[in-house]
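Listing of final_18.cif, mmCIF, C-alpha atoms
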```
data_entry
loop_
_atom_site.label_atom_id
_atom_site.label_comp_id
_atom_site.auth_asym_id
_atom_site.auth_seq_id
_atom_site.Cartn_x
_atom_site.Cartn_y
_atom_site.Cartn_z
CA MET A 1 24.82 8.21 -35.34
CA LEU A 2 27.19 11.10 -34.87
CA ASP A 3 27.20 14.12 -37.14
CA ILE A 4 30.11 13.65 -39.58
CA ASN A 5 30.85 17.36 -39.20
CA MET A 6 31.44 16.81 -35.50
CA VAL A 7 33.76 13.89 -36.20
CA ARG A 8 35.59 15.96 -38.81
CA ASN A 9 35.82 19.24 -36.89
CA GLN A 10 36.06 17.97 -33.30
CA PRO A 11 37.93 14.66 -33.57
CA GLU A 12 39.53 15.02 -30.15
CA VAL A 13 36.11 15.31 -28.52
CA VAL A 14 35.06 12.05 -30.17
CA ARG A 15 38.40 10.43 -29.38
CA GLN A 16 38.10 11.32 -25.69
CA ALA A 17 34.51 10.03 -25.68
CA LEU A 18 35.71 6.68 -27.02
CA VAL A 19 38.47 6.55 -24.42
CA ASN A 20 35.96 7.35 -21.67
CA ARG A 21 33.72 4.57 -22.96
CA SER A 22 36.67 2.16 -22.91
CA GLU A 23 36.34 1.78 -26.68
CA PRO A 24 39.26 1.58 -29.15
CA THR A 25 40.03 4.72 -31.14
CA ASP A 26 41.39 3.03 -34.28
CA SER A 27 38.05 3.37 -36.05
CA LEU A 28 38.12 7.15 -35.57
CA ASP A 29 41.48 7.42 -37.33
CA ALA A 30 40.14 5.30 -40.17
CA ILE A 31 37.00 7.47 -40.43
CA LEU A 32 39.07 10.64 -40.66
CA ALA A 33 41.28 9.07 -43.35
CA PHE A 34 38.30 7.87 -45.39
CA ASP A 35 36.61 11.24 -44.99
CA VAL A 36 39.66 12.98 -46.48
CA GLN A 37 39.77 10.41 -49.28
CA ARG A 38 36.07 10.91 -49.98
CA ARG A 39 36.39 14.67 -50.22
CA ASP A 40 39.44 14.34 -52.48
CA ILE A 41 37.49 12.05 -54.83
CA LEU A 42 34.55 14.47 -54.86
CA LYS A 43 36.88 17.37 -55.62
CA GLN A 44 38.52 15.47 -58.50
CA SER A 45 35.10 14.48 -59.87
CA GLU A 46 33.83 18.06 -59.73
CA GLN A 47 36.93 19.34 -61.51
CA LEU A 48 36.65 16.71 -64.25
CA ARG A 49 32.93 17.39 -64.69
CA ALA A 50 33.61 21.12 -64.93
CA LEU A 51 36.31 20.42 -67.53
CA ARG A 52 33.99 18.18 -69.52
CA ASN A 53 31.21 20.77 -69.49
CA SER A 54 33.58 23.51 -70.58
CA VAL A 55 35.14 21.45 -73.38
CA SER A 56 31.71 20.25 -74.54
CA LYS A 57 30.79 23.86 -75.19
CA GLU A 58 34.02 24.33 -77.15
CA ILE A 59 33.35 21.18 -79.18
CA SER A 60 29.96 22.46 -80.25
CA LYS A 61 31.66 25.51 -81.79
CA MET A 62 34.62 23.74 -83.47
CA LYS A 63 34.79 23.73 -87.28
CA ASP A 64 37.80 21.45 -87.75
CA ALA A 65 36.47 17.87 -87.80
CA THR A 66 39.82 16.28 -86.90
CA ALA A 67 40.36 18.56 -83.94
CA ARG A 68 36.77 18.05 -82.94
CA GLU A 69 37.12 14.23 -82.92
CA ALA A 70 40.32 14.53 -80.90
CA LYS A 71 38.54 16.60 -78.26
CA ILE A 72 35.63 14.15 -78.17
CA ALA A 73 38.06 11.26 -77.64
CA GLU A 74 39.77 13.26 -74.92
CA MET A 75 36.42 13.80 -73.18
CA ARG A 76 35.61 10.10 -73.43
CA ALA A 77 38.77 9.48 -71.44
CA VAL A 78 37.65 12.11 -68.93
CA GLY A 79 34.29 10.33 -68.70
CA ASP A 80 36.10 7.06 -67.99
CA GLN A 81 38.04 8.80 -65.21
CA ILE A 82 34.81 10.13 -63.73
CA ALA A 83 33.22 6.66 -63.86
CA ALA A 84 36.28 5.15 -62.13
CA LEU A 85 36.12 7.83 -59.44
CA GLU A 86 32.43 7.06 -58.88
CA VAL A 87 33.33 3.42 -58.26
CA ASP A 88 36.06 4.49 -55.83
CA LEU A 89 33.65 6.89 -54.14
CA LYS A 90 31.07 4.18 -53.59
CA LYS A 91 33.67 1.91 -51.99
CA VAL A 92 34.94 4.68 -49.72
CA GLU A 93 31.44 5.77 -48.71
CA THR A 94 30.50 2.17 -47.90
CA GLN A 95 33.56 1.79 -45.68
CA LEU A 96 32.94 5.20 -44.13
CA GLU A 97 29.32 4.33 -43.33
CA GLU A 98 30.28 1.00 -41.78
CA LEU A 99 32.73 2.73 -39.48
CA THR A 100 30.65 5.78 -38.55
CA THR A 101 27.54 3.75 -37.73
CA ALA A 102 29.61 1.70 -35.28
CA ILE A 103 30.74 4.76 -33.28
CA PRO A 104 28.69 5.15 -30.07
CA ASN A 105 27.13 8.37 -28.84
CA VAL A 106 29.28 10.98 -27.10
CA PRO A 107 28.46 10.90 -23.37
CA ASP A 108 27.04 13.98 -21.73
CA LEU A 109 29.66 15.93 -19.77
CA ARG A 110 27.62 15.16 -16.63
CA THR A 111 28.03 11.40 -17.14
CA PRO A 112 30.66 10.13 -14.66
CA VAL A 113 33.84 8.83 -16.28
CA GLY A 114 34.48 5.22 -15.32
CA LEU A 115 36.03 1.98 -16.49
CA SER A 116 33.25 -0.47 -15.57
CA GLU A 117 29.90 -0.86 -13.83
CA ASP A 118 31.81 -0.64 -10.55
CA ASP A 119 32.21 3.09 -11.27
CA ASN A 120 28.47 3.74 -11.51
CA VAL A 121 27.30 6.24 -8.91
CA VAL A 122 24.50 5.50 -6.45
CA LEU A 123 22.61 8.80 -6.17
CA ARG A 124 20.06 7.80 -3.55
CA THR A 125 18.13 4.92 -2.01
CA GLU A 126 14.39 5.10 -1.48
CA GLY A 127 12.82 3.08 1.33
CA ALA A 128 14.37 0.59 3.71
CA PRO A 129 14.62 -3.15 3.02
CA ARG A 130 11.93 -5.19 4.76
CA GLN A 131 13.09 -6.84 7.97
CA PHE A 132 12.06 -10.51 8.10
CA ASP A 133 11.63 -12.61 11.23
CA PHE A 134 12.42 -15.65 9.09
CA ALA A 135 14.96 -16.42 6.36
CA PRO A 136 13.45 -15.10 3.09
CA LYS A 137 13.45 -17.60 0.24
CA PRO A 138 14.52 -16.89 -3.35
CA HIS A 139 11.80 -16.76 -5.98
CA TRP A 140 12.87 -20.04 -7.57
CA GLU A 141 11.94 -21.82 -4.34
CA LEU A 142 8.81 -19.75 -3.60
CA GLY A 143 7.35 -20.05 -7.11
CA VAL A 144 7.96 -23.78 -7.46
CA ALA A 145 6.53 -24.54 -4.01
CA LEU A 146 3.36 -22.56 -4.82
CA GLY A 147 3.04 -24.22 -8.23
CA ILE A 148 3.07 -20.88 -10.06
CA LEU A 149 6.55 -21.28 -11.59
CA ASP A 150 7.54 -24.32 -13.64
CA PHE A 151 11.10 -24.61 -14.93
CA GLU A 152 10.85 -28.22 -16.10
CA ARG A 153 8.03 -27.56 -18.55
CA GLY A 154 9.77 -24.43 -19.81
CA VAL A 155 12.81 -26.52 -20.65
CA LYS A 156 10.62 -29.21 -22.21
CA LEU A 157 8.92 -26.65 -24.45
CA SER A 158 11.86 -24.48 -25.47
CA GLY A 159 15.10 -25.41 -23.72
CA THR A 160 17.20 -23.88 -20.98
CA ARG A 161 16.46 -20.35 -19.75
CA PHE A 162 12.72 -20.71 -20.41
CA TYR A 163 9.94 -21.27 -17.87
CA VAL A 164 6.16 -21.44 -17.54
CA LEU A 165 4.04 -19.28 -15.23
CA ASN A 166 0.93 -21.07 -13.96
CA GLY A 167 -2.37 -19.73 -12.68
CA ALA A 168 -1.80 -16.90 -10.21
CA GLY A 169 1.78 -16.55 -11.46
CA ALA A 170 0.55 -15.80 -14.97
CA ARG A 171 -2.08 -13.42 -13.59
CA LEU A 172 0.53 -11.61 -11.48
CA GLN A 173 2.69 -11.10 -14.55
CA ARG A 174 -0.27 -9.82 -16.56
CA ALA A 175 -1.36 -7.62 -13.67
CA LEU A 176 2.02 -5.91 -13.53
CA ILE A 177 1.94 -5.16 -17.25
CA THR A 178 -1.62 -3.85 -17.20
CA TRP A 179 -1.14 -1.71 -14.10
CA MET A 180 2.08 -0.21 -15.47
CA LEU A 181 0.43 0.71 -18.75
CA ASP A 182 -2.49 2.28 -16.92
CA LEU A 183 -0.13 4.25 -14.68
CA HIS A 184 1.94 5.55 -17.59
CA THR A 185 -1.21 6.55 -19.43
CA GLN A 186 -2.19 8.61 -16.38
CA GLN A 187 1.29 10.16 -16.46
CA GLY A 188 0.64 11.44 -19.98
CA TYR A 189 1.94 8.67 -22.24
CA ARG A 190 -0.05 7.33 -25.17
CA GLU A 191 -0.21 3.56 -25.26
CA GLU A 192 0.83 1.85 -28.49
CA TYR A 193 0.40 -1.74 -29.61
CA LEU A 194 3.41 -2.51 -31.79
CA PRO A 195 4.66 -5.28 -34.07
CA PHE A 196 6.91 -7.75 -32.28
CA MET A 197 8.91 -8.24 -35.49
CA VAL A 198 10.58 -5.38 -37.39
CA LYS A 199 12.68 -4.67 -40.47
CA GLN A 200 16.45 -4.40 -40.48
CA GLN A 201 16.26 -0.63 -41.09
CA THR A 202 14.11 -0.25 -37.98
CA LEU A 203 16.80 -1.85 -35.84
CA PHE A 204 19.51 0.22 -37.50
CA ALA A 205 17.67 3.46 -36.80
CA ALA A 206 17.35 2.61 -33.11
CA GLY A 207 21.07 1.87 -32.85
CA GLN A 208 20.73 -1.92 -32.48
CA LEU A 209 22.35 -2.75 -35.82
CA PRO A 210 25.05 -3.40 -36.73
CA LYS A 211 26.47 -3.24 -33.18
CA PHE A 212 24.26 -5.90 -31.55
CA LYS A 213 23.60 -8.22 -34.49
CA ASP A 214 24.84 -11.28 -32.59
CA ASN A 215 22.32 -10.67 -29.78
CA LEU A 216 19.25 -10.52 -32.04
CA TYR A 217 16.94 -13.21 -33.39
CA HIS A 218 16.49 -13.05 -37.15
CA ASP A 219 14.24 -14.78 -39.66
CA VAL A 220 16.80 -15.60 -42.34
CA GLU A 221 14.19 -16.04 -45.10
CA GLU A 222 12.48 -12.67 -44.67
CA ASP A 223 13.48 -9.27 -43.33
CA PHE A 224 11.99 -9.94 -39.90
CA TRP A 225 13.86 -9.39 -36.65
CA MET A 226 12.34 -10.14 -33.23
CA VAL A 227 12.30 -6.98 -31.13
CA PRO A 228 14.87 -6.85 -28.30
CA THR A 229 12.87 -4.00 -26.73
CA ALA A 230 9.86 -1.83 -27.60
CA GLU A 231 12.33 1.04 -27.87
CA VAL A 232 13.12 -0.19 -31.39
CA PRO A 233 9.66 0.19 -33.00
CA LEU A 234 8.87 3.25 -30.86
CA THR A 235 11.96 5.02 -32.19
CA ASN A 236 10.72 4.50 -35.72
CA LEU A 237 7.10 5.57 -35.27
CA HIS A 238 8.11 8.91 -36.78
CA GLY A 239 11.03 7.73 -38.91
CA GLY A 240 11.59 9.96 -41.95
CA GLU A 241 9.06 12.53 -40.75
CA ILE A 242 9.24 16.28 -40.14
CA LEU A 243 7.23 17.19 -37.05
CA SER A 244 6.03 20.63 -36.06
CA ALA A 245 7.16 22.19 -32.79
CA ASP A 246 3.61 22.24 -31.43
CA GLN A 247 3.47 18.43 -31.72
CA LEU A 248 6.34 18.08 -29.26
CA PRO A 249 6.91 16.59 -26.81
CA LEU A 250 5.46 13.21 -27.76
CA HIS A 251 5.18 10.63 -24.98
CA TYR A 252 4.56 6.96 -25.79
CA CYS A 253 4.42 3.73 -23.83
CA ALA A 254 4.12 0.15 -25.02
CA TYR A 255 4.28 -3.43 -23.84
CA THR A 256 6.17 -6.02 -25.87
CA PRO A 257 7.86 -9.32 -25.21
CA CYS A 258 11.59 -8.92 -25.77
CA PHE A 259 13.89 -11.45 -27.41
CA ARG A 260 17.65 -11.48 -26.93
CA ARG A 261 20.48 -13.96 -27.27
CA GLU A 262 21.66 -13.40 -23.72
CA LYS A 263 25.18 -14.52 -22.89
CA MET A 264 24.69 -16.14 -19.51
CA LYS A 265 27.35 -15.85 -16.85
CA ALA A 266 27.99 -18.52 -14.27
CA GLY A 267 26.58 -18.05 -10.78
CA SER A 268 23.53 -16.02 -9.83
CA ASP A 269 22.74 -15.02 -13.42
CA VAL A 270 21.68 -18.55 -14.37
CA ARG A 271 19.49 -19.23 -11.34
CA GLY A 272 15.76 -18.55 -11.48
CA ILE A 273 14.09 -16.16 -13.91
CA LYS A 274 16.44 -13.20 -13.62
CA ARG A 275 17.82 -13.55 -17.14
CA GLY A 276 16.47 -15.32 -20.21
CA HIS A 277 16.08 -15.21 -23.97
CA GLN A 278 12.46 -14.01 -23.71
CA PHE A 279 11.04 -11.54 -21.21
CA ASP A 280 8.29 -8.92 -20.94
CA LYS A 281 8.78 -5.18 -20.62
CA VAL A 282 6.78 -1.99 -20.57
CA GLU A 283 8.66 0.83 -22.29
CA MET A 284 8.39 4.61 -22.15
CA TYR A 285 9.58 6.73 -25.07
CA MET A 286 9.78 10.46 -25.82
CA PHE A 287 10.40 12.76 -28.78
CA CYS A 288 11.17 16.36 -27.79
CA THR A 289 13.09 19.52 -28.65
CA PRO A 290 16.79 19.68 -27.73
CA GLU A 291 16.28 22.34 -25.06
CA SER A 292 13.64 20.27 -23.25
CA SER A 293 15.36 16.88 -23.22
CA ASP A 294 17.04 17.37 -19.82
CA ALA A 295 13.69 18.09 -18.17
CA GLU A 296 12.07 15.17 -20.03
CA LEU A 297 14.78 12.84 -18.72
CA GLU A 298 13.96 13.84 -15.16
CA LYS A 299 10.23 13.33 -15.84
CA MET A 300 10.84 9.86 -17.25
CA LEU A 301 12.97 8.94 -14.25
CA ALA A 302 10.24 10.13 -11.87
CA ASP A 303 7.63 8.19 -13.85
CA ALA A 304 9.67 4.99 -13.59
CA GLU A 305 10.22 5.58 -9.88
CA ALA A 306 6.46 5.91 -9.45
CA VAL A 307 6.15 2.25 -10.45
CA CYS A 308 8.60 1.19 -7.74
CA LYS A 309 6.81 3.36 -5.18
CA GLY A 310 3.38 2.08 -6.18
CA LEU A 311 4.57 -1.49 -5.66
CA GLY A 312 6.10 -0.59 -2.29
CA LEU A 313 9.57 -1.75 -3.34
CA THR A 314 12.84 -0.52 -1.89
CA TYR A 315 14.91 0.83 -4.76
CA ARG A 316 17.96 2.89 -5.55
CA VAL A 317 18.84 5.29 -8.35
CA LYS A 318 22.23 5.01 -10.03
CA GLN A 319 23.85 7.17 -12.65
CA LEU A 320 25.78 5.03 -15.10
CA CYS A 321 29.37 5.86 -15.95
CA THR A 322 30.77 6.33 -19.44
CA SER A 323 31.81 2.68 -19.83
CA ASP A 324 28.39 1.33 -18.84
CA ILE A 325 25.90 3.54 -20.68
CA GLY A 326 24.26 2.11 -23.78
CA PHE A 327 25.52 2.55 -27.32
CA SER A 328 22.92 5.22 -28.20
CA ALA A 329 22.80 6.96 -24.82
CA ARG A 330 24.52 10.12 -23.65
CA MET A 331 23.21 9.95 -20.07
CA THR A 332 21.52 7.10 -18.22
CA TYR A 333 19.92 6.47 -14.84
CA ASP A 334 19.31 2.93 -13.62
CA LEU A 335 16.68 1.86 -11.12
CA GLU A 336 17.49 -1.20 -9.02
CA VAL A 337 15.06 -2.92 -6.65
CA TRP A 338 16.05 -4.95 -3.62
CA ALA A 339 15.34 -8.69 -3.79
CA PRO A 340 15.78 -10.16 -0.29
CA GLY A 341 15.60 -13.81 -1.35
CA CYS A 342 18.33 -13.41 -3.96
CA GLY A 343 20.11 -10.99 -1.66
CA GLU A 344 20.90 -8.51 -4.43
CA TRP A 345 19.86 -5.33 -6.19
CA LEU A 346 18.16 -6.07 -9.52
CA GLU A 347 18.11 -3.59 -12.39
CA VAL A 348 14.53 -3.04 -13.54
CA SER A 349 14.90 0.16 -15.57
CA SER A 350 17.42 2.14 -17.57
CA VAL A 351 16.27 5.67 -18.38
CA SER A 352 18.34 7.33 -21.09
CA ASN A 353 18.65 10.56 -23.03
CA CYS A 354 19.99 9.78 -26.51
CA GLY A 355 20.11 13.37 -27.75
CA ASP A 356 19.87 13.47 -31.56
CA PHE A 357 21.81 10.21 -32.03
CA GLN A 358 18.82 7.99 -32.89
CA ALA A 359 16.98 10.81 -34.66
CA ARG A 360 19.86 11.20 -37.12
CA ARG A 361 19.81 7.47 -37.91
CA ALA A 362 16.00 7.45 -38.24
CA ASN A 363 15.86 10.88 -39.97
CA ILE A 364 13.35 12.37 -37.51
CA LYS A 365 13.22 16.16 -37.61
CA TYR A 366 11.01 19.06 -36.59
CA ARG A 367 10.43 22.63 -37.67
CA ARG A 368 10.15 25.32 -34.98
CA GLU A 369 7.92 27.49 -37.15
CA THR A 370 6.71 27.77 -40.73
CA GLY A 371 9.64 28.40 -43.05
CA ALA A 372 12.26 27.63 -40.39
CA LYS A 373 15.14 25.26 -41.02
CA VAL A 374 14.45 21.68 -39.94
CA GLU A 375 16.31 20.32 -36.91
CA LEU A 376 16.75 16.88 -35.39
CA VAL A 377 14.57 15.97 -32.43
CA HIS A 378 15.92 14.44 -29.24
CA THR A 379 14.79 10.98 -28.15
CA LEU A 380 14.59 9.37 -24.72
CA ASN A 381 13.71 5.87 -23.60
CA GLY A 382 13.20 4.01 -20.36
CA SER A 383 11.79 0.78 -18.97
CA GLY A 384 8.69 1.25 -16.94
CA LEU A 385 9.45 -1.47 -15.74
CA ALA A 386 11.13 -4.61 -17.04
CA LEU A 387 9.89 -8.02 -16.04
CA PRO A 388 10.62 -10.63 -14.74
CA ARG A 389 12.94 -8.86 -12.28
CA THR A 390 10.02 -6.80 -11.05
CA MET A 391 8.17 -10.09 -10.54
CA ILE A 392 11.13 -11.40 -8.56
CA ALA A 393 11.12 -8.35 -6.29
CA VAL A 394 7.36 -8.58 -5.68
CA MET A 395 7.48 -12.30 -4.92
CA GLU A 396 10.45 -12.08 -2.58
CA ASN A 397 9.48 -8.88 -0.76
CA TYR A 398 5.87 -9.91 -0.20
CA GLN A 399 6.52 -13.51 0.88
CA GLN A 400 5.16 -14.77 4.20
CA VAL A 401 6.57 -17.30 6.64
CA ASP A 402 4.18 -20.00 5.34
CA GLY A 403 5.47 -19.55 1.76
CA SER A 404 2.47 -17.57 0.53
CA ILE A 405 2.82 -14.22 -1.27
CA VAL A 406 0.75 -11.16 -0.44
CA VAL A 407 -0.38 -9.37 -3.60
CA PRO A 408 0.48 -5.63 -3.57
CA ASP A 409 -2.61 -3.43 -3.17
CA VAL A 410 -2.35 -1.87 -6.65
CA LEU A 411 -2.39 -5.30 -8.31
CA ARG A 412 -5.18 -7.05 -6.40
CA ALA A 413 -8.00 -6.04 -8.72
CA PHE A 414 -6.04 -7.44 -11.68
CA VAL A 415 -4.87 -10.65 -9.97
CA GLY A 416 -8.25 -11.35 -8.41
CA MET A 417 -6.89 -12.32 -4.98
CA ASP A 418 -5.15 -10.78 -1.98
CA VAL A 419 -2.76 -13.65 -1.28
CA ILE A 420 -1.22 -16.30 -3.53
CA ARG A 421 -1.20 -19.62 -1.62
#
```

Would you write the structure of this file as structure tokens?
Amino acid sequence: MLDINMVRNQPEVVRQALVNRSEPTDSLDAILAFDVQRRDILKQSEQLRALRNSVSKEISKMKDATAREAKIAEMRAVGDQIAALEVDLKKVETQLEELTTAIPNVPDLRTPVGLSEDDNVVLRTEGAPRQFDFAPKPHWELGVALGILDFERGVKLSGTRFYVLNGAGARLQRALITWMLDLHTQQGYREEYLPFMVKQQTLFAAGQLPKFKDNLYHDVEEDFWMVPTAEVPLTNLHGGEILSADQLPLHYCAYTPCFRREKMKAGSDVRGIKRGHQFDKVEMYMFCTPESSDAELEKMLADAEAVCKGLGLTYRVKQLCTSDIGFSARMTYDLEVWAPGCGEWLEVSSVSNCGDFQARRANIKYRRETGAKVELVHTLNGSGLALPRTMIAVMENYQQVDGSIVVPDVLRAFVGMDVIR
């Protein structure tokens, strides 16, 4: 959430940010109008309260009963005006909150301005795609032929966009999760086991509500929402707290399944396991001071890249443009791995600096020293990495001419075999 003082005092900065994000600016004009209305109501209320207090003192000293009753009646009318203003204030503040919480973060000045994902900037590519002496198959053919991927039973159990991993396929998935968590722990992150269902306020604080309500799964009888990413509960680990400077930075990692009402597009998006309503992900998360968040972003990017390198995958780093960064982000890097069977680059991680945007919504602050004024922390998040696209890249890059899949070295102890046949 943006600081209302920024919206009020630097409206053109916010307006340009919305334009750069390809977002309409009507809401900003409405916010400014409601903000003026709110301050006018508060001013009127303060003046009427001051008048009532002053007259109340006069009334206590009045001798004339008739005049005294007249003043009391006059103050009752003032009280009615104050009550009416309080009703108006509540309405205005409700409308103001609805609008301000829907405004996305202001992009960092270093974020490229662009109209769509086509304007994202490829910063570098690491490694060269494997050269095959046979036509590489897509994972949906490899997995089915090996008996480790079953689409029919996934549909039977849950419907379209679900699947079952069998035997070595399930172990490969579990191996990736376990190895990633171990790697991030070695990189200095503390592993957390989190609830997979959270409260509405938890989603709001992370910037998921109200913006992405239609993409979330909700238990209508209780205040339970299925997590769309571990970022949501990780954001709120310190919600409403005041941290000390010597506690920062805080580095966390966590595995959760993720649940989203994905809007499938025709074509490659609906083939295989690239996109679904349920998927697994290992998440990295940081709380830090404002002056250290740039360096922490680079650390998180390097830590995510270490996963790609450890798996021996060819990948590229992209910086997202203003129209493609997330709602809460001010700067984002994407990691994409090459999948030779699909013949495309697959996004496996978005690493973002959110500044104080989430911290303001979650009320997470810190104090530099005893007696100092509290300040908002900065938060960062990144996938380390997301599955099943990482699974796709492993299966397709490590396939052999006979249809078997060589297990990457770092995963063999977890999978229990060198080759999946």

Problem set entry | Explicit residue set for the PyMOL selection byres ((chain A and resi 259) around 6), as a ChimeraX atom specification | /A:228,258,260,277-278

Exercise. Which neighbours of Phe357 in chain A fall inside 8 Å, counting all atoms listed in the file, when residues of the same chain fewer than 2 positions from it are skipped, and could you give them as a VMD selection string?
Worked result: chain A and resid 1 to 2 105 328 to 329 354 to 355 359 to 361 378

Enumerate, as a JSON list (two decimals) with C-alpha atoms, keeping the file's coordinate frame, the residues matched when the PyMOL selection byres ((chain A and resi 110) around 12) is run on the file above.
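So the final result, stored in part.json, reads:
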```json
[["chain", "number", "residue", "atom", "x", "y", "z"],
["A", 106, "VAL", "CA", 29.28, 10.98, -27.10],
["A", 107, "PRO", "CA", 28.46, 10.90, -23.37],
["A", 108, "ASP", "CA", 27.04, 13.98, -21.73],
["A", 109, "LEU", "CA", 29.66, 15.93, -19.77],
["A", 111, "THR", "CA", 28.03, 11.40, -17.14],
["A", 112, "PRO", "CA", 30.66, 10.13, -14.66],
["A", 113, "VAL", "CA", 33.84, 8.83, -16.28],
["A", 121, "VAL", "CA", 27.30, 6.24, -8.91],
["A", 294, "ASP", "CA", 17.04, 17.37, -19.82],
["A", 319, "GLN", "CA", 23.85, 7.17, -12.65],
["A", 320, "LEU", "CA", 25.78, 5.03, -15.10],
["A", 321, "CYS", "CA", 29.37, 5.86, -15.95],
["A", 322, "THR", "CA", 30.77, 6.33, -19.44],
["A", 330, "ARG", "CA", 24.52, 10.12, -23.65],
["A", 331, "MET", "CA", 23.21, 9.95, -20.07],
["A", 332, "THR", "CA", 21.52, 7.10, -18.22],
["A", 333, "TYR", "CA", 19.92, 6.47, -14.84],
["A", 353, "ASN", "CA", 18.65, 10.56, -23.03]]
```

Problem set entry | Resolved residues for the PyMOL selection byres ((chain A and resi 182) around 12) as a count of residues only | 25

Exercise. Can you tell me, as JSON, numbers by chain, what residues are no more than 9 Å from Thr370 in chain A when counting all atoms listed in the file, ignoring any on the same chain fewer than 3 positions away?
Worked result: {"A": [244, 367, 373]}

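Distance annotation: of A:Leu313, A:Ile103, A:Ala362, A:Ile59, the residue with the minimal separation from Leu203 in chain A is A:Ala362; atom set is only C-alpha atoms.
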
Exercise. So how many Å separate CA of Gly143 in chain A and CA of Glu305 in chain A, to one decimal?
Worked result: 25.9 Å

For this session: Find, counting only C-alpha atoms, the residue in A:Val55, A:Leu335, A:Leu99, A:Met62 that gets nearest to Val7 in chain A.
Result: A:Leu99

Need to verify the contact set: Thr390 in chain A, 12 Å, all atoms listed in the file, exclusion of same-chain residues closer than 3 positions in sequence. Can you return it as an mmCIF file with C-alpha atoms, in the frame of the given file?
```cif
data_model
loop_
_atom_site.group_PDB
_atom_site.id
_atom_site.type_symbol
_atom_site.label_atom_id
_atom_site.label_comp_id
_atom_site.auth_asym_id
_atom_site.auth_seq_id
_atom_site.Cartn_x
_atom_site.Cartn_y
_atom_site.Cartn_z
ATOM 1 C CA HIS A 139 11.800 -16.760 -5.980
ATOM 2 C CA LEU A 172 0.530 -11.610 -11.480
ATOM 3 C CA GLN A 173 2.690 -11.100 -14.550
ATOM 4 C CA ALA A 175 -1.360 -7.620 -13.670
ATOM 5 C CA LEU A 176 2.020 -5.910 -13.530
ATOM 6 C CA ILE A 177 1.940 -5.160 -17.250
ATOM 7 C CA MET A 180 2.080 -0.210 -15.470
ATOM 8 C CA ILE A 273 14.090 -16.160 -13.910
ATOM 9 C CA LYS A 274 16.440 -13.200 -13.620
ATOM 10 C CA ARG A 275 17.820 -13.550 -17.140
ATOM 11 C CA PHE A 279 11.040 -11.540 -21.210
ATOM 12 C CA ASP A 280 8.290 -8.920 -20.940
ATOM 13 C CA LYS A 281 8.780 -5.180 -20.620
ATOM 14 C CA VAL A 282 6.780 -1.990 -20.570
ATOM 15 C CA VAL A 307 6.150 2.250 -10.450
ATOM 16 C CA CYS A 308 8.600 1.190 -7.740
ATOM 17 C CA LEU A 311 4.570 -1.490 -5.660
ATOM 18 C CA GLY A 312 6.100 -0.590 -2.290
ATOM 19 C CA LEU A 313 9.570 -1.750 -3.340
ATOM 20 C CA THR A 314 12.840 -0.520 -1.890
ATOM 21 C CA TYR A 315 14.910 0.830 -4.760
ATOM 22 C CA LEU A 335 16.680 1.860 -11.120
ATOM 23 C CA GLU A 336 17.490 -1.200 -9.020
ATOM 24 C CA VAL A 337 15.060 -2.920 -6.650
ATOM 25 C CA TRP A 338 16.050 -4.950 -3.620
ATOM 26 C CA ALA A 339 15.340 -8.690 -3.790
ATOM 27 C CA TRP A 345 19.860 -5.330 -6.190
ATOM 28 C CA LEU A 346 18.160 -6.070 -9.520
ATOM 29 C CA GLU A 347 18.110 -3.590 -12.390
ATOM 30 C CA VAL A 348 14.530 -3.040 -13.540
ATOM 31 C CA SER A 349 14.900 0.160 -15.570
ATOM 32 C CA SER A 383 11.790 0.780 -18.970
ATOM 33 C CA GLY A 384 8.690 1.250 -16.940
ATOM 34 C CA LEU A 385 9.450 -1.470 -15.740
ATOM 35 C CA ALA A 386 11.130 -4.610 -17.040
ATOM 36 C CA LEU A 387 9.890 -8.020 -16.040
ATOM 37 C CA ALA A 393 11.120 -8.350 -6.290
ATOM 38 C CA VAL A 394 7.360 -8.580 -5.680
ATOM 39 C CA MET A 395 7.480 -12.300 -4.920
ATOM 40 C CA GLU A 396 10.450 -12.080 -2.580
ATOM 41 C CA ASN A 397 9.480 -8.880 -0.760
#
```

Applying 7 Å and all atoms listed in the file, which residues near Pro249 in chain A remain after dropping the ones on its own chain fewer than 2 positions away? List them as a PDB file with C-alpha atoms, in the frame of the given file.
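This is the output file selection_2.pdb:
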```
ATOM      1  CA  GLN A 247       3.470  18.430 -31.720  1.00  0.00           C
ATOM      2  CA  HIS A 251       5.180  10.630 -24.980  1.00  0.00           C
ATOM      3  CA  MET A 286       9.780  10.460 -25.820  1.00  0.00           C
ATOM      4  CA  PHE A 287      10.400  12.760 -28.780  1.00  0.00           C
ATOM      5  CA  CYS A 288      11.170  16.360 -27.790  1.00  0.00           C
TER       6      CYS A 288
END
```

For this session: Enter the distance from CA of Glu369 in chain A to CA of Ser293 in chain A, in Å, rounded to one decimal.
Result: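 So the two atoms, CA of Glu369 in chain A and CA of Ser293 in chain A, lie 19.0 Å apart.
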
Residues at most 12 Å from Val36 in chain A, counting all atoms listed in the file, excluding those fewer than 3 positions away in the same chain, as a short mmCIF file (atom, residue, chain, number, x, y, z; two decimals) with C-alpha atoms, in the coordinates of the input?
```cif
data_model
loop_
_atom_site.label_atom_id
_atom_site.label_comp_id
_atom_site.auth_asym_id
_atom_site.auth_seq_id
_atom_site.Cartn_x
_atom_site.Cartn_y
_atom_site.Cartn_z
CA ILE A 4 30.11 13.65 -39.58
CA VAL A 7 33.76 13.89 -36.20
CA ARG A 8 35.59 15.96 -38.81
CA ASP A 29 41.48 7.42 -37.33
CA ALA A 30 40.14 5.30 -40.17
CA ILE A 31 37.00 7.47 -40.43
CA LEU A 32 39.07 10.64 -40.66
CA ALA A 33 41.28 9.07 -43.35
CA ARG A 39 36.39 14.67 -50.22
CA ASP A 40 39.44 14.34 -52.48
CA ILE A 41 37.49 12.05 -54.83
CA LEU A 42 34.55 14.47 -54.86
CA LYS A 43 36.88 17.37 -55.62
CA LEU A 89 33.65 6.89 -54.14
CA VAL A 92 34.94 4.68 -49.72
CA GLU A 93 31.44 5.77 -48.71
CA LEU A 96 32.94 5.20 -44.13
#
```
